$ cat model.tsv   # TSV, C-alpha atoms
chain	number	residue	atom	x	y	z
V	1	MET	CA	10.18	-105.40	3.49
V	2	VAL	CA	6.96	-103.73	4.62
V	3	VAL	CA	3.77	-104.04	2.58
V	4	THR	CA	0.97	-101.48	2.81
V	5	THR	CA	-2.29	-100.93	0.91
V	6	PHE	CA	-3.91	-97.87	-0.66
V	7	SER	CA	-7.26	-96.82	0.79
V	8	THR	CA	-10.27	-95.96	-1.36
V	9	LYS	CA	-9.24	-92.30	-0.95
V	10	GLY	CA	-5.77	-92.97	-2.36
V	11	GLN	CA	-4.12	-92.78	1.04
V	12	VAL	CA	-1.33	-95.07	2.13
V	13	VAL	CA	0.19	-95.61	5.57
V	14	ILE	CA	3.94	-95.22	5.83
V	15	PRO	CA	5.22	-97.27	8.78
V	16	LYS	CA	6.01	-95.21	11.90
V	17	ALA	CA	9.67	-96.23	12.09
V	18	LEU	CA	10.24	-95.11	8.49
V	19	ARG	CA	8.33	-91.83	8.99
V	20	HIS	CA	10.42	-91.12	12.07
V	21	ALA	CA	13.70	-91.98	10.34
V	22	LYS	CA	12.92	-89.68	7.38
V	23	GLY	CA	11.53	-86.82	9.49
V	24	PHE	CA	7.96	-87.14	8.21
V	25	ASP	CA	6.33	-85.74	11.34
V	26	VAL	CA	2.74	-84.51	11.55
V	27	GLY	CA	2.24	-81.47	9.33
V	28	VAL	CA	5.39	-81.95	7.26
V	29	GLN	CA	4.79	-81.28	3.57
V	30	VAL	CA	6.32	-83.69	1.09
V	31	GLU	CA	7.03	-83.38	-2.60
V	32	VAL	CA	5.81	-86.35	-4.64
V	33	VAL	CA	8.21	-87.14	-7.48
V	34	ASP	CA	7.64	-89.58	-10.33
V	35	HIS	CA	10.73	-91.78	-10.36
V	36	PRO	CA	11.70	-94.58	-12.79
V	37	GLU	CA	11.54	-97.09	-9.93
V	38	GLY	CA	8.26	-95.80	-8.45
V	39	VAL	CA	7.28	-92.75	-6.41
V	40	LEU	CA	9.71	-90.70	-4.35
V	41	LEU	CA	8.59	-88.65	-1.32
V	42	LYS	CA	10.87	-85.75	-0.39
V	43	ALA	CA	10.28	-83.71	2.76
V	44	LEU	CA	10.09	-79.98	2.04
V	45	PRO	CA	11.96	-77.58	4.32
V	46	ALA	CA	9.73	-76.18	7.06
V	47	ARG	CA	8.76	-72.55	6.72
V	48	LYS	CA	9.90	-70.31	9.53
V	49	LYS	CA	7.00	-68.70	11.38
V	50	GLN	CA	7.52	-64.99	11.78
V	51	PRO	CA	5.57	-62.49	13.84
V	52	ILE	CA	3.35	-60.08	11.90
V	53	ALA	CA	5.60	-57.22	12.98
V	54	ALA	CA	8.40	-58.72	10.88
V	55	LEU	CA	6.24	-58.32	7.76
V	56	ILE	CA	5.71	-54.57	8.17
V	57	GLY	CA	7.31	-52.77	5.26
V	58	LEU	CA	7.63	-55.94	3.20
V	59	LEU	CA	5.19	-54.77	0.54
V	60	GLN	CA	5.70	-51.55	-1.34
V	61	PRO	CA	2.94	-49.04	-0.59
V	62	ARG	CA	0.64	-48.36	-3.52
V	63	TYR	CA	-0.49	-44.96	-2.26
V	64	SER	CA	2.20	-42.30	-2.42
V	65	GLY	CA	0.09	-39.24	-1.58
V	66	PRO	CA	-0.18	-37.40	1.72
V	67	MET	CA	-1.43	-39.19	4.83
V	68	VAL	CA	-5.18	-38.89	5.40
V	69	THR	CA	-7.24	-39.38	8.54
V	70	VAL	CA	-10.05	-41.85	9.04
V	71	GLU	CA	-12.46	-38.94	9.14
V	72	GLU	CA	-11.24	-37.76	5.73
V	73	MET	CA	-11.64	-41.27	4.31
V	74	ASN	CA	-15.16	-41.55	5.73
V	75	GLN	CA	-16.08	-38.15	4.27
V	76	ALA	CA	-14.75	-39.20	0.85
V	77	ILE	CA	-16.85	-42.39	1.02
V	78	GLU	CA	-19.97	-40.41	1.95
V	79	ASP	CA	-19.34	-37.92	-0.87
V	80	ALA	CA	-18.87	-40.71	-3.43
V	81	ALA	CA	-22.01	-42.49	-2.24
V	82	ALA	CA	-24.06	-39.27	-2.43
V	83	ASP	CA	-22.71	-38.56	-5.92
V	84	ARG	CA	-23.53	-42.09	-7.10
V	85	PHE	CA	-27.03	-41.88	-5.59
V	86	SER	CA	-27.75	-38.52	-7.26
V	87	ARG	CA	-26.68	-39.89	-10.66
V	88	ALA	CA	-28.85	-43.01	-10.22
V	89	LYS	CA	-32.09	-41.05	-9.85
V	90	PRO	CA	-34.23	-40.98	-13.01

$ encode --input "model.tsv" --output "structure tokens"
Amino acid sequence: MVVTTFSTKGQVVIPKALRHAKGFDVGVQVEVVDHPEGVLLKALPARKKQPIAALIGLLQPRYSGPMVTVEEMNQAIEDAAADRFSRAKP
């Protein structure tokens, strides 16, 4: 039996041999479960890291109109700013 103590921050050290046996390596997230006999720590499955390119097309596009150029977007911004400025004048 191993005895450990909670720190003032609520942290507790799990012995290295036990961490290693249960796969609690650095960065592993664990689920903390209230159990009738105490507290249960369950390692969560690691998320697979994917390149950004794999995410392209994942989200549905919100704009369904024709493609516009950067110049057209900049012109629209300038026009909206000029319109807002002209309406703000007393």

$ atom_distance --input "model.tsv" --atom1 "atom CA of Glu31 of chain V" --atom2 "atom CA of Pro45 of chain V"
10.3 Å

$ closest_residue --input "model.tsv" --among "V:Arg87, V:Arg62, V:Lys9, V:Lys22" --to "Lys42 of chain V" --atoms "all atoms listed in the file"
V:Lys22

$ atom_distance --input "model.tsv" --atom1 "atom CA of His20 of chain V" --atom2 "atom CA of Val3 of chain V"
17.4 Å

$ closest_residue --input "model.tsv" --among "V:Tyr63, V:Phe24, V:Phe85, V:Phe6" --to "Ala46 of chain V" --atoms "all atoms listed in the file"
V:Phe24

$ atom_distance --input "model.tsv" --atom1 "atom CA of Ile56 of chain V" --atom2 "atom CA of Val68 of chain V"
19.3 Å

$ residues_around --input "model.tsv" --residues "Thr5 of chain V" --least-positions-apart "6" --cutoff "12 Å" --atoms "only C-alpha atoms" --output "list in words"
Gln11, Val12, Val13, Ile14 and Pro15 of chain V

$ axis_aligned_box --input "model.tsv" --around "segment 81-90 of chain V" --padding-each-side "4 Å" --output "lines of an AutoDock Vina configuration file"
center_x = -28.1
center_y = -40.8
center_z = -7.6
size_x = 20.2
size_y = 12.5
size_z = 18.8
